[in-house]
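Content type mmCIF, C-alpha atoms, from the file protein.cif:
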```
data_my_file
#
loop_
_atom_site.group_PDB
_atom_site.id
_atom_site.type_symbol
_atom_site.label_atom_id
_atom_site.label_comp_id
_atom_site.auth_asym_id
_atom_site.auth_seq_id
_atom_site.Cartn_x
_atom_site.Cartn_y
_atom_site.Cartn_z
ATOM 1 C CA MET A 1 -33.365 51.913 137.890
ATOM 2 C CA ASN A 2 -36.803 50.640 137.044
ATOM 3 C CA LEU A 3 -39.929 52.290 135.744
ATOM 4 C CA GLU A 4 -42.084 51.135 138.661
ATOM 5 C CA GLU A 5 -40.009 53.222 141.026
ATOM 6 C CA LEU A 6 -40.331 56.232 138.781
ATOM 7 C CA LYS A 7 -44.108 55.888 138.710
ATOM 8 C CA LYS A 8 -44.316 56.269 142.472
ATOM 9 C CA LEU A 9 -42.377 59.500 142.169
ATOM 10 C CA LYS A 10 -45.293 61.420 140.730
ATOM 11 C CA GLU A 11 -47.655 60.847 143.654
ATOM 12 C CA LYS A 12 -44.965 61.507 146.165
ATOM 13 C CA ALA A 13 -43.866 64.762 144.562
ATOM 14 C CA GLN A 14 -47.476 65.927 144.544
ATOM 15 C CA ARG A 15 -47.915 65.107 148.223
ATOM 16 C CA GLN A 16 -44.750 66.975 149.103
ATOM 17 C CA VAL A 17 -45.842 69.982 147.079
ATOM 18 C CA ALA A 18 -49.077 70.020 149.051
ATOM 19 C CA LEU A 19 -47.009 70.017 152.230
ATOM 20 C CA ARG A 20 -45.194 73.133 151.124
ATOM 21 C CA GLU A 21 -48.109 75.409 150.436
ATOM 22 C CA GLY A 22 -49.202 78.065 152.910
ATOM 23 C CA SER A 23 -47.213 79.569 155.763
ATOM 24 C CA LYS A 24 -45.959 77.100 158.281
ATOM 25 C CA LYS A 25 -44.737 77.194 161.825
ATOM 26 C CA TYR A 26 -41.449 75.534 160.928
ATOM 27 C CA ARG A 27 -39.335 75.741 157.824
ATOM 28 C CA VAL A 28 -36.471 73.284 157.412
ATOM 29 C CA VAL A 29 -33.761 74.401 154.987
ATOM 30 C CA VAL A 30 -31.327 71.718 153.844
ATOM 31 C CA SER A 31 -27.923 72.757 152.477
ATOM 32 C CA MET A 32 -27.611 70.974 149.127
ATOM 33 C CA GLY A 33 -24.384 72.210 147.577
ATOM 34 C CA THR A 34 -21.707 69.905 146.199
ATOM 35 C CA SER A 35 -20.216 69.245 149.629
ATOM 36 C CA GLY A 36 -23.615 68.712 151.200
ATOM 37 C CA ILE A 37 -24.631 66.210 148.540
ATOM 38 C CA ALA A 38 -21.335 64.349 148.928
ATOM 39 C CA ALA A 39 -21.843 64.155 152.691
ATOM 40 C CA GLY A 40 -25.367 62.740 152.368
ATOM 41 C CA ALA A 41 -27.670 65.768 152.511
ATOM 42 C CA ARG A 42 -30.065 64.179 150.055
ATOM 43 C CA GLU A 43 -30.592 61.148 152.295
ATOM 44 C CA VAL A 44 -31.076 63.436 155.298
ATOM 45 C CA MET A 45 -33.682 65.429 153.417
ATOM 46 C CA LYS A 46 -35.476 62.327 152.236
ATOM 47 C CA THR A 47 -35.557 60.892 155.757
ATOM 48 C CA MET A 48 -36.979 64.120 157.121
ATOM 49 C CA LEU A 49 -39.699 64.259 154.452
ATOM 50 C CA ASP A 50 -40.644 60.645 155.156
ATOM 51 C CA GLU A 51 -40.607 61.139 158.903
ATOM 52 C CA ILE A 52 -42.658 64.351 158.713
ATOM 53 C CA GLU A 53 -45.203 62.547 156.604
ATOM 54 C CA LYS A 54 -45.252 59.515 158.890
ATOM 55 C CA ARG A 55 -45.877 61.633 161.942
ATOM 56 C CA GLY A 56 -48.461 63.724 160.146
ATOM 57 C CA LEU A 57 -46.782 67.050 160.904
ATOM 58 C CA GLU A 58 -48.594 69.556 158.745
ATOM 59 C CA ASP A 59 -47.009 72.701 160.059
ATOM 60 C CA VAL A 60 -43.579 72.014 158.557
ATOM 61 C CA GLU A 61 -42.153 72.791 155.138
ATOM 62 C CA VAL A 62 -38.875 71.480 153.766
ATOM 63 C CA ARG A 63 -36.794 73.551 151.381
ATOM 64 C CA VAL A 64 -33.364 73.216 149.838
ATOM 65 C CA THR A 65 -30.607 75.761 149.385
ATOM 66 C CA GLY A 66 -27.050 75.848 148.052
ATOM 67 C CA GLU A 67 -23.832 75.923 150.045
ATOM 68 C CA VAL A 68 -24.137 77.724 153.384
ATOM 69 C CA GLY A 69 -20.422 78.034 154.169
ATOM 70 C CA LEU A 70 -20.224 75.128 156.622
ATOM 71 C CA GLU A 71 -18.598 72.650 154.253
ATOM 72 C CA ASP A 72 -16.560 70.916 156.951
ATOM 73 C CA VAL A 73 -19.570 69.888 159.031
ATOM 74 C CA GLU A 74 -22.047 68.878 156.318
ATOM 75 C CA PRO A 75 -24.830 67.764 156.119
ATOM 76 C CA VAL A 76 -26.264 70.939 157.586
ATOM 77 C CA ILE A 77 -29.881 71.925 158.086
ATOM 78 C CA ARG A 78 -31.443 75.066 159.474
ATOM 79 C CA VAL A 79 -34.758 75.078 161.281
ATOM 80 C CA GLU A 80 -36.516 78.429 161.036
ATOM 81 C CA GLU A 81 -39.484 79.145 163.253
ATOM 82 C CA ALA A 82 -42.345 81.474 162.508
ATOM 83 C CA SER A 83 -41.133 83.668 165.378
ATOM 84 C CA GLY A 84 -37.891 84.282 163.449
ATOM 85 C CA GLU A 85 -35.728 82.044 165.602
ATOM 86 C CA LYS A 86 -33.176 79.962 163.674
ATOM 87 C CA THR A 87 -31.361 76.838 164.751
ATOM 88 C CA THR A 88 -28.589 75.242 162.724
ATOM 89 C CA TYR A 89 -27.881 71.534 163.022
ATOM 90 C CA ALA A 90 -24.668 70.093 161.607
ATOM 91 C CA GLY A 91 -22.928 66.778 161.083
ATOM 92 C CA LEU A 92 -26.197 64.948 160.575
ATOM 93 C CA ASP A 93 -27.066 61.465 159.456
ATOM 94 C CA VAL A 94 -30.314 59.591 158.994
ATOM 95 C CA GLU A 95 -30.739 58.753 162.680
ATOM 96 C CA LYS A 96 -30.007 62.281 163.846
ATOM 97 C CA ALA A 97 -32.427 63.681 161.274
ATOM 98 C CA LYS A 98 -35.168 61.457 162.675
ATOM 99 C CA LYS A 99 -34.376 62.677 166.154
ATOM 100 C CA ILE A 100 -34.677 66.321 165.097
ATOM 101 C CA VAL A 101 -38.078 65.659 163.540
ATOM 102 C CA ALA A 102 -39.269 63.861 166.672
ATOM 103 C CA GLU A 103 -37.928 66.393 169.171
ATOM 104 C CA HIS A 104 -37.796 69.795 167.530
ATOM 105 C CA LEU A 105 -40.487 69.684 164.884
ATOM 106 C CA GLU A 106 -42.998 67.594 166.801
ATOM 107 C CA LYS A 107 -42.463 68.569 170.442
ATOM 108 C CA GLY A 108 -40.851 71.959 169.898
ATOM 109 C CA LYS A 109 -37.788 70.986 171.942
ATOM 110 C CA LYS A 110 -34.406 71.861 170.463
ATOM 111 C CA VAL A 111 -31.803 69.124 170.199
ATOM 112 C CA ASP A 112 -28.962 70.985 171.893
ATOM 113 C CA ASN A 113 -26.213 68.436 171.343
ATOM 114 C CA LEU A 114 -26.611 68.577 167.543
ATOM 115 C CA ALA A 115 -27.004 72.336 167.204
ATOM 116 C CA VAL A 116 -24.055 74.536 166.278
ATOM 117 C CA GLY A 117 -23.337 78.222 166.717
ATOM 118 C CA LYS A 118 -25.354 80.773 168.576
ATOM 119 C CA GLU A 119 -29.025 81.067 167.963
ATOM 120 C CA LYS A 120 -30.106 84.251 166.252
ATOM 121 C CA LYS A 121 -32.411 86.434 168.254
ATOM 122 C CA PRO A 122 -35.417 87.656 166.315
ATOM 123 C CA GLU A 123 -34.937 91.249 165.262
ATOM 124 C CA MET B 1 -16.533 61.733 144.437
ATOM 125 C CA PHE B 2 -20.180 60.834 144.249
ATOM 126 C CA GLU B 3 -21.239 57.229 144.483
ATOM 127 C CA GLU B 4 -24.395 57.617 142.419
ATOM 128 C CA LEU B 5 -25.110 59.277 139.105
ATOM 129 C CA SER B 6 -28.299 60.717 140.566
ATOM 130 C CA LEU B 7 -26.153 62.712 143.005
ATOM 131 C CA HIS B 8 -24.261 64.173 140.047
ATOM 132 C CA ILE B 9 -27.559 65.073 138.435
ATOM 133 C CA LEU B 10 -28.748 66.775 141.614
ATOM 134 C CA ASP B 11 -25.520 68.740 141.857
ATOM 135 C CA ILE B 12 -25.582 69.927 138.237
ATOM 136 C CA ALA B 13 -29.276 70.779 138.415
ATOM 137 C CA MET B 14 -28.691 72.844 141.562
ATOM 138 C CA ASN B 15 -26.420 74.996 139.388
ATOM 139 C CA SER B 16 -29.323 75.480 136.999
ATOM 140 C CA LEU B 17 -31.508 76.643 139.865
ATOM 141 C CA ALA B 18 -28.815 79.085 140.946
ATOM 142 C CA ALA B 19 -28.767 80.430 137.380
ATOM 143 C CA GLY B 20 -32.447 81.299 137.661
ATOM 144 C CA ALA B 21 -33.809 78.557 135.410
ATOM 145 C CA ARG B 22 -37.582 78.191 135.032
ATOM 146 C CA THR B 23 -37.375 74.794 133.372
ATOM 147 C CA ILE B 24 -34.837 72.042 133.921
ATOM 148 C CA GLN B 25 -34.817 69.068 131.610
ATOM 149 C CA ILE B 26 -32.993 65.982 132.739
ATOM 150 C CA THR B 27 -32.614 63.365 130.047
ATOM 151 C CA ILE B 28 -31.169 59.937 130.751
ATOM 152 C CA THR B 29 -30.642 57.635 127.797
ATOM 153 C CA GLU B 30 -29.514 54.055 128.035
ATOM 154 C CA HIS B 31 -28.278 52.565 124.788
ATOM 155 C CA ALA B 32 -27.704 48.899 125.421
ATOM 156 C CA ARG B 33 -26.638 48.233 121.851
ATOM 157 C CA ARG B 34 -24.142 51.069 121.744
ATOM 158 C CA ASP B 35 -23.133 50.345 125.328
ATOM 159 C CA LEU B 36 -23.694 53.958 126.228
ATOM 160 C CA LEU B 37 -25.322 55.858 129.050
ATOM 161 C CA THR B 38 -25.941 59.541 128.432
ATOM 162 C CA ILE B 39 -27.050 62.117 130.948
ATOM 163 C CA ARG B 40 -28.066 65.581 129.880
ATOM 164 C CA VAL B 41 -29.151 68.468 132.076
ATOM 165 C CA GLN B 42 -30.579 71.362 130.115
ATOM 166 C CA ASP B 43 -31.838 74.615 131.580
ATOM 167 C CA ASP B 44 -33.084 78.004 130.475
ATOM 168 C CA GLY B 45 -31.179 80.007 133.053
ATOM 169 C CA ARG B 46 -28.931 82.941 132.412
ATOM 170 C CA GLY B 47 -26.187 80.844 130.844
ATOM 171 C CA MET B 48 -22.510 81.691 130.544
ATOM 172 C CA ASP B 49 -20.458 83.603 128.001
ATOM 173 C CA ASP B 50 -17.388 82.037 126.407
ATOM 174 C CA ASP B 51 -14.903 83.461 128.918
ATOM 175 C CA THR B 52 -16.863 82.272 131.915
ATOM 176 C CA LEU B 53 -17.345 78.885 130.330
ATOM 177 C CA LYS B 54 -13.623 78.525 129.748
ATOM 178 C CA ARG B 55 -12.873 79.569 133.292
ATOM 179 C CA VAL B 56 -15.460 77.241 134.778
ATOM 180 C CA LEU B 57 -14.050 74.253 132.914
ATOM 181 C CA ALA B 58 -10.392 75.114 133.407
ATOM 182 C CA ASP B 59 -9.938 75.484 137.126
ATOM 183 C CA LEU B 60 -12.647 74.440 139.524
ATOM 184 C CA THR B 61 -14.265 77.827 139.481
ATOM 185 C CA THR B 62 -17.619 78.805 140.798
ATOM 186 C CA THR B 63 -19.531 81.835 139.609
ATOM 187 C CA LYS B 64 -21.424 82.164 142.832
ATOM 188 C CA ARG B 65 -20.653 85.493 144.418
ATOM 189 C CA SER B 66 -21.611 84.437 147.895
ATOM 190 C CA ARG B 67 -18.538 82.297 148.386
ATOM 191 C CA LYS B 68 -15.330 83.556 149.891
ATOM 192 C CA LYS B 69 -13.167 81.362 147.697
ATOM 193 C CA ASP B 70 -14.175 80.884 144.096
ATOM 194 C CA ILE B 71 -13.884 77.129 144.032
ATOM 195 C CA GLY B 72 -16.473 74.786 142.637
ATOM 196 C CA LEU B 73 -16.197 71.044 142.176
ATOM 197 C CA GLY B 74 -19.518 70.027 140.693
ATOM 198 C CA LEU B 75 -18.607 70.064 137.000
ATOM 199 C CA ALA B 76 -15.094 68.759 137.624
ATOM 200 C CA LEU B 77 -16.447 65.750 139.519
ATOM 201 C CA LEU B 78 -18.864 64.859 136.742
ATOM 202 C CA ARG B 79 -16.120 65.207 134.131
ATOM 203 C CA GLN B 80 -13.904 62.919 136.167
ATOM 204 C CA THR B 81 -16.634 60.294 136.400
ATOM 205 C CA ALA B 82 -17.404 60.503 132.676
ATOM 206 C CA GLU B 83 -13.796 60.311 131.552
ATOM 207 C CA MET B 84 -13.054 57.524 133.992
ATOM 208 C CA CYS B 85 -15.809 55.484 132.319
ATOM 209 C CA ASP B 86 -14.544 56.004 128.741
ATOM 210 C CA GLY B 87 -17.174 58.669 128.156
ATOM 211 C CA LYS B 88 -17.353 62.281 127.144
ATOM 212 C CA PHE B 89 -18.199 65.467 128.932
ATOM 213 C CA LEU B 90 -19.588 68.549 127.202
ATOM 214 C CA VAL B 91 -20.931 71.900 128.304
ATOM 215 C CA HIS B 92 -22.783 74.161 125.892
ATOM 216 C CA SER B 93 -23.833 77.591 126.966
ATOM 217 C CA LYS B 94 -24.447 81.083 125.739
ATOM 218 C CA ALA B 95 -24.989 84.202 127.762
ATOM 219 C CA GLY B 96 -28.709 84.576 128.360
ATOM 220 C CA ALA B 97 -29.586 81.354 126.593
ATOM 221 C CA GLY B 98 -29.296 78.673 129.243
ATOM 222 C CA ALA B 99 -26.795 75.872 129.568
ATOM 223 C CA THR B 100 -26.592 72.217 128.664
ATOM 224 C CA VAL B 101 -24.331 69.769 130.428
ATOM 225 C CA THR B 102 -23.912 66.384 128.788
ATOM 226 C CA ALA B 103 -21.969 63.454 130.167
ATOM 227 C CA SER B 104 -21.736 60.012 128.676
ATOM 228 C CA MET B 105 -20.400 56.781 130.080
ATOM 229 C CA LYS B 106 -19.734 53.300 128.870
ATOM 230 C CA LEU B 107 -22.575 51.292 130.401
ATOM 231 C CA SER B 108 -20.529 48.169 130.966
ATOM 232 C CA HIS B 109 -17.508 49.991 132.374
ATOM 233 C CA VAL B 110 -16.532 48.637 135.755
ATOM 234 C CA ASP B 111 -16.301 52.151 137.217
ATOM 235 C CA CYS B 112 -19.673 53.291 135.898
ATOM 236 C CA PRO B 113 -21.662 54.273 139.017
ATOM 237 C CA PRO B 114 -25.249 53.111 139.476
ATOM 238 C CA LEU B 115 -27.995 55.621 138.745
ATOM 239 C CA GLY B 116 -29.073 55.424 142.367
ATOM 240 C CA ASP B 117 -32.053 57.041 143.998
ATOM 241 C CA LEU B 118 -33.385 59.227 141.206
ATOM 242 C CA ASN B 119 -36.634 59.787 143.123
ATOM 243 C CA ALA B 120 -34.824 61.501 145.963
ATOM 244 C CA THR B 121 -32.976 63.692 143.472
ATOM 245 C CA ILE B 122 -36.183 64.852 141.815
ATOM 246 C CA LEU B 123 -37.843 65.408 145.189
ATOM 247 C CA ALA B 124 -34.919 67.525 146.341
ATOM 248 C CA LEU B 125 -35.085 69.620 143.182
ATOM 249 C CA CYS B 126 -38.830 70.125 143.573
ATOM 250 C CA ALA B 127 -38.283 71.133 147.178
ATOM 251 C CA ALA B 128 -35.539 73.567 146.216
ATOM 252 C CA ASN B 129 -37.877 75.718 144.187
ATOM 253 C CA PRO B 130 -41.490 74.649 143.670
ATOM 254 C CA ALA B 131 -41.943 77.267 140.930
ATOM 255 C CA VAL B 132 -39.424 75.560 138.645
ATOM 256 C CA ASP B 133 -40.583 72.914 136.214
ATOM 257 C CA VAL B 134 -38.345 69.894 136.738
ATOM 258 C CA GLN B 135 -38.660 67.453 133.872
ATOM 259 C CA LEU B 136 -37.250 63.980 133.749
ATOM 260 C CA HIS B 137 -37.005 62.012 130.529
ATOM 261 C CA TYR B 138 -35.807 58.472 130.870
ATOM 262 C CA LEU B 139 -35.274 56.565 127.663
ATOM 263 C CA CYS B 140 -34.178 52.970 127.724
ATOM 264 C CA GLY B 141 -34.482 51.135 124.432
ATOM 265 C CA GLU B 142 -38.178 50.887 123.625
ATOM 266 C CA GLU B 143 -39.273 52.031 127.047
ATOM 267 C CA GLN B 144 -39.730 55.662 127.933
ATOM 268 C CA PHE B 145 -40.726 57.551 131.014
ATOM 269 C CA HIS B 146 -41.529 61.240 131.228
ATOM 270 C CA PHE B 147 -42.128 63.272 134.310
ATOM 271 C CA SER B 148 -42.766 66.951 134.839
ATOM 272 C CA SER B 149 -43.260 68.593 138.220
ATOM 273 C CA LYS B 150 -45.566 71.224 136.710
ATOM 274 C CA GLU B 151 -47.864 68.869 134.889
ATOM 275 C CA PRO B 152 -47.595 65.569 136.637
ATOM 276 C CA ALA B 153 -49.399 63.813 133.825
ATOM 277 C CA GLU B 154 -47.437 60.654 133.456
ATOM 278 C CA LYS B 155 -46.878 59.453 129.965
ATOM 279 C CA LYS B 156 -45.518 56.012 129.522
ATOM 280 C CA VAL B 157 -45.211 55.131 125.900
ATOM 281 C CA ALA B 158 -44.711 51.476 125.232
ATOM 282 C CA GLY B 159 -44.357 49.727 121.941
ATOM 283 C CA ARG B 160 -44.150 52.936 119.942
ATOM 284 C CA PRO B 161 -41.336 53.709 117.586
ATOM 285 C CA ASN B 162 -38.100 54.844 119.088
ATOM 286 C CA PRO B 163 -37.995 58.646 118.848
ATOM 287 C CA PHE B 164 -34.445 58.541 117.536
ATOM 288 C CA TRP B 165 -35.719 56.831 114.444
ATOM 289 C CA GLY B 166 -38.010 59.629 113.394
ATOM 290 C CA GLY B 167 -41.244 58.752 115.120
ATOM 291 C CA GLU B 168 -44.701 58.026 113.797
ATOM 292 C CA GLU B 169 -45.826 58.527 110.274
ATOM 293 C CA LYS B 170 -49.059 60.368 109.560
ATOM 294 C CA THR B 171 -50.675 60.521 106.161
ATOM 295 C CA ASN B 172 -52.500 63.653 105.111
ATOM 296 C CA TYR B 173 -54.178 62.880 101.810
ATOM 297 C CA GLU B 174 -55.623 65.809 99.916
ATOM 298 C CA PRO B 175 -57.365 65.167 96.618
ATOM 299 C CA GLY B 176 -55.749 66.804 93.633
ATOM 300 C CA ARG B 177 -52.393 67.109 95.246
ATOM 301 C CA THR B 178 -49.488 64.858 95.600
ATOM 302 C CA GLN B 179 -49.826 62.755 98.686
ATOM 303 C CA LYS B 180 -47.669 64.129 101.403
ATOM 304 C CA VAL B 181 -46.249 62.193 104.261
ATOM 305 C CA LYS B 182 -46.069 64.273 107.362
ATOM 306 C CA ARG B 183 -43.684 63.158 109.998
ATOM 307 C CA GLU B 184 -44.357 64.024 113.563
ATOM 308 C CA SER B 185 -41.465 63.285 115.770
ATOM 309 C CA THR B 186 -42.606 61.869 119.085
ATOM 310 C CA ALA B 187 -39.331 62.994 120.579
ATOM 311 C CA ALA B 188 -39.972 66.614 119.694
ATOM 312 C CA GLY B 189 -43.401 66.388 121.300
ATOM 313 C CA CYS B 190 -42.087 64.950 124.518
ATOM 314 C CA LEU B 191 -39.042 67.126 124.834
ATOM 315 C CA ALA B 192 -40.596 70.423 123.774
#
```
Mind turning this structure into C-alpha cells?
Amino acid sequence: MNLEELKKLKEKAQRQVALREGSKKYRVVVSMGTSGIAAGAREVMKTMLDEIEKRGLEDVEVRVTGEVGLEDVEPVIRVEEASGEKTTYAGLDVEKAKKIVAEHLEKGKKVDNLAVGKEKKPE
Amino acid sequence: MFEELSLHILDIAMNSLAAGARTIQITITEHARRDLLTIRVQDDGRGMDDDTLKRVLADLTTTKRSRKKDIGLGLALLRQTAEMCDGKFLVHSKAGAGATVTASMKLSHVDCPPLGDLNATILALCAANPAVDVQLHYLCGEEQFHFSSKEPAEKKVAGRPNPFWGGEEKTNYEPGRTQKVKRESTAAGCLA
C-alpha cells in the first residue's frame, strides 16, 4: 500500500460519483455479499467502471447490493433498463464483464450465453 | 477465505451499510515498531444488542432477514484471518449506537495477507450508497492519509507529531492568570 495510490482515489471517486447522478438508461447492480466478494465481484465492478469510463458511456450507473441468493454462481450482476427490463448475468470474470459493457451497455445487445434465468417482463 | 485485507474491509463495511449507517470510518494503522497491523471499521448504524452480538459471534449467523438460511461468514472469516496471524478480533456494539469491528494482525506474520486494492474497496463502498460518508484513515508511522467521500478534501499531514502521542501543543497566555497549556489532539480532529 502506498500513499500515491491513495491520492488517485479521490479524483476517481469524484468522477464515479458524477457518473451516478441523474436518471440513466442502464443501471448495473453488482452483488457484493461475502460470497460475491470471495468470487471476485469487486474486480468485476472495477473493470466495468473502468470500461464504462474508457468508452465514454454516460447513460450507465453502477451500484452495489448485498447477497442476491445466487451464491453458487457468483459474481453476479443485474442490468436494469429504463424500460423496466432486467437481465441477470452470472459466473463472470474480468473478460466477460468487458464483453457485457461492449455488447449490452454500448450496443444494447444482450449477451445471451452469459445471462441466467428468465427475463422479467416490465409490469 | 479472502486473499486481501481490503476484501475483508469491504465485506465488513457492507454490513455497516446494511445496518443503515450514515458514516463509516475505516482506520488502518501500521505499527512497525510494535509489529502490528490494526484494522477498525466503525459505523453509526443501528448496532446490535448483547444477545444478537453473542449469536453473531458464536455461530456464523446473519441478521439479514432476506436470507432463507441464517448463515453469515463475514465476521467469522475476519476472525480466522486475525487469529491465524497472532492477532485479536473484537466487536463492540450497542443497540442503536453503531458497531465497531477491530482486527489486529502481526505485520511480519507469514500468513498476514496483503492490504490489496484498497481503492477498489472504497470505490465499491461509494457505489453501494452515495449518500453514506465513507472515511478512510491510514496511519503508518509518521505518515497519515485521510479520505472522506463526502468532503474529498485530502489532508496529508507529514512531519507532524504522531496523534497517539497527544498531538500539538498550543499556548494560550492570558495576563494575570497562570499560563495554561492547551492540548489539541490532532487525532481527535481527524477522526471526529
For this session: Using the chain letters and numbering of this document, enumerate as a ChimeraX atom specification the residues selected by the PyMOL selection byres ((chain B) within 9 of (chain A)).
Result: /B:1-3,7-8,10-12,14-15,18,67-68,72-74,114-130,138,143-145,147-149,152-154
Exercise. Which residue out of A:Ser83, A:Arg78, A:Val101, A:Val94 has the minimum interatomic distance to Ala115 in chain A when all atoms listed in the file are used?
Worked result: A:Arg78
Problem set entry | Given the PyMOL selection byres ((chain B and resi 22) around 8), the residues it picks as a ChimeraX atom specification | /B:17,20-21,23-24,43-45,131-133
Problem set entry | Polymer residues at most 12 Å from Val110 in chain B, only C-alpha atoms, same-chain spacing of 2 or more positions, as a ChimeraX atom specification | /B:81,84-86,105-108,112-114
Would you mind exporting C-alpha atoms of the selected residues as a tab-separated table (two decimals), in the frame of the given file?
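File produced: result-v6.tsv:
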```tsv
chain	number	residue	atom	x	y	z
B	81	THR	CA	-16.63	60.29	136.40
B	84	MET	CA	-13.05	57.52	133.99
B	85	CYS	CA	-15.81	55.48	132.32
B	86	ASP	CA	-14.54	56.00	128.74
B	105	MET	CA	-20.40	56.78	130.08
B	106	LYS	CA	-19.73	53.30	128.87
B	107	LEU	CA	-22.58	51.29	130.40
B	108	SER	CA	-20.53	48.17	130.97
B	112	CYS	CA	-19.67	53.29	135.90
B	113	PRO	CA	-21.66	54.27	139.02
B	114	PRO	CA	-25.25	53.11	139.48
```
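The gap separating CA of Ala82 in chain B from CA of Leu36 in chain B is 11.1 Å, in Å to one decimal.
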For this session: Give me, please, the distance in Å between CA of Asp35 in chain B and CA of His146 in chain B, quoted to one decimal.
Result: 22.2 Å
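Here CA of Ala19 in chain B stands at a distance of 19.3 Å from CA of Leu77 in chain B.
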Axis-aligned box for all listed atoms of range 43-57 of chain A, 4 Å per side, centre and edges in Å to one decimal, as lines of an AutoDock Vina configuration file:
```
center_x = -39.5
center_y = 63.3
center_z = 157.1
size_x = 25.9
size_y = 15.5
size_z = 17.7
```
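Between Asp59 in chain A and the residues A:Gly117, A:Pro75, A:Gly84, A:Gly108, the shortest atom-to-atom distance, using only C-alpha atoms, involves A:Gly108.
Using the PyMOL selection byres ((chain A and resi 92) around 10) on the file at hand returns these residues: Ala39, Gly40, Ala41, Val44, Val73, Glu74, Pro75, Val76, Ile77, Tyr89, Ala90, Gly91, Asp93, Val94, Glu95, Lys96, Ala97, Lys98, Ile100, Leu114 and Ala115 of chain A.
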Selection: 9 Å around Ile52 in chain A, all atoms listed in the file, excl. self and same-chain fewer than 4 positions, as a PDB file with C-alpha atoms, in the coordinates of the input:
```
ATOM      1  CA  THR A  47     -35.557  60.892 155.757  1.00  0.00           C
ATOM      2  CA  MET A  48     -36.979  64.120 157.121  1.00  0.00           C
ATOM      3  CA  GLY A  56     -48.461  63.724 160.146  1.00  0.00           C
ATOM      4  CA  LEU A  57     -46.782  67.050 160.904  1.00  0.00           C
ATOM      5  CA  GLU A  58     -48.594  69.556 158.745  1.00  0.00           C
ATOM      6  CA  VAL A  60     -43.579  72.014 158.557  1.00  0.00           C
ATOM      7  CA  LYS A  98     -35.168  61.457 162.675  1.00  0.00           C
ATOM      8  CA  VAL A 101     -38.078  65.659 163.540  1.00  0.00           C
ATOM      9  CA  ALA A 102     -39.269  63.861 166.672  1.00  0.00           C
ATOM     10  CA  LEU A 105     -40.487  69.684 164.884  1.00  0.00           C
ATOM     11  CA  GLU A 106     -42.998  67.594 166.801  1.00  0.00           C
TER      12      GLU A 106
END
```
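Protein and nucleic acid residues near (-28.2, 82.8, 129.5) are B:Asp44, B:Gly45, B:Arg46, B:Gly47, B:Met48, B:Lys94, B:Ala95, B:Gly96, B:Ala97, B:Gly98, the criterion being any atom at most 7 Å away using all atoms listed in the file.
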For this session: Using all atoms listed in the file, find the one residue out of A:Thr88, A:Ala82, A:Lys107, A:Glu53 that sits nearest to Leu70 in chain A.
Result: A:Thr88
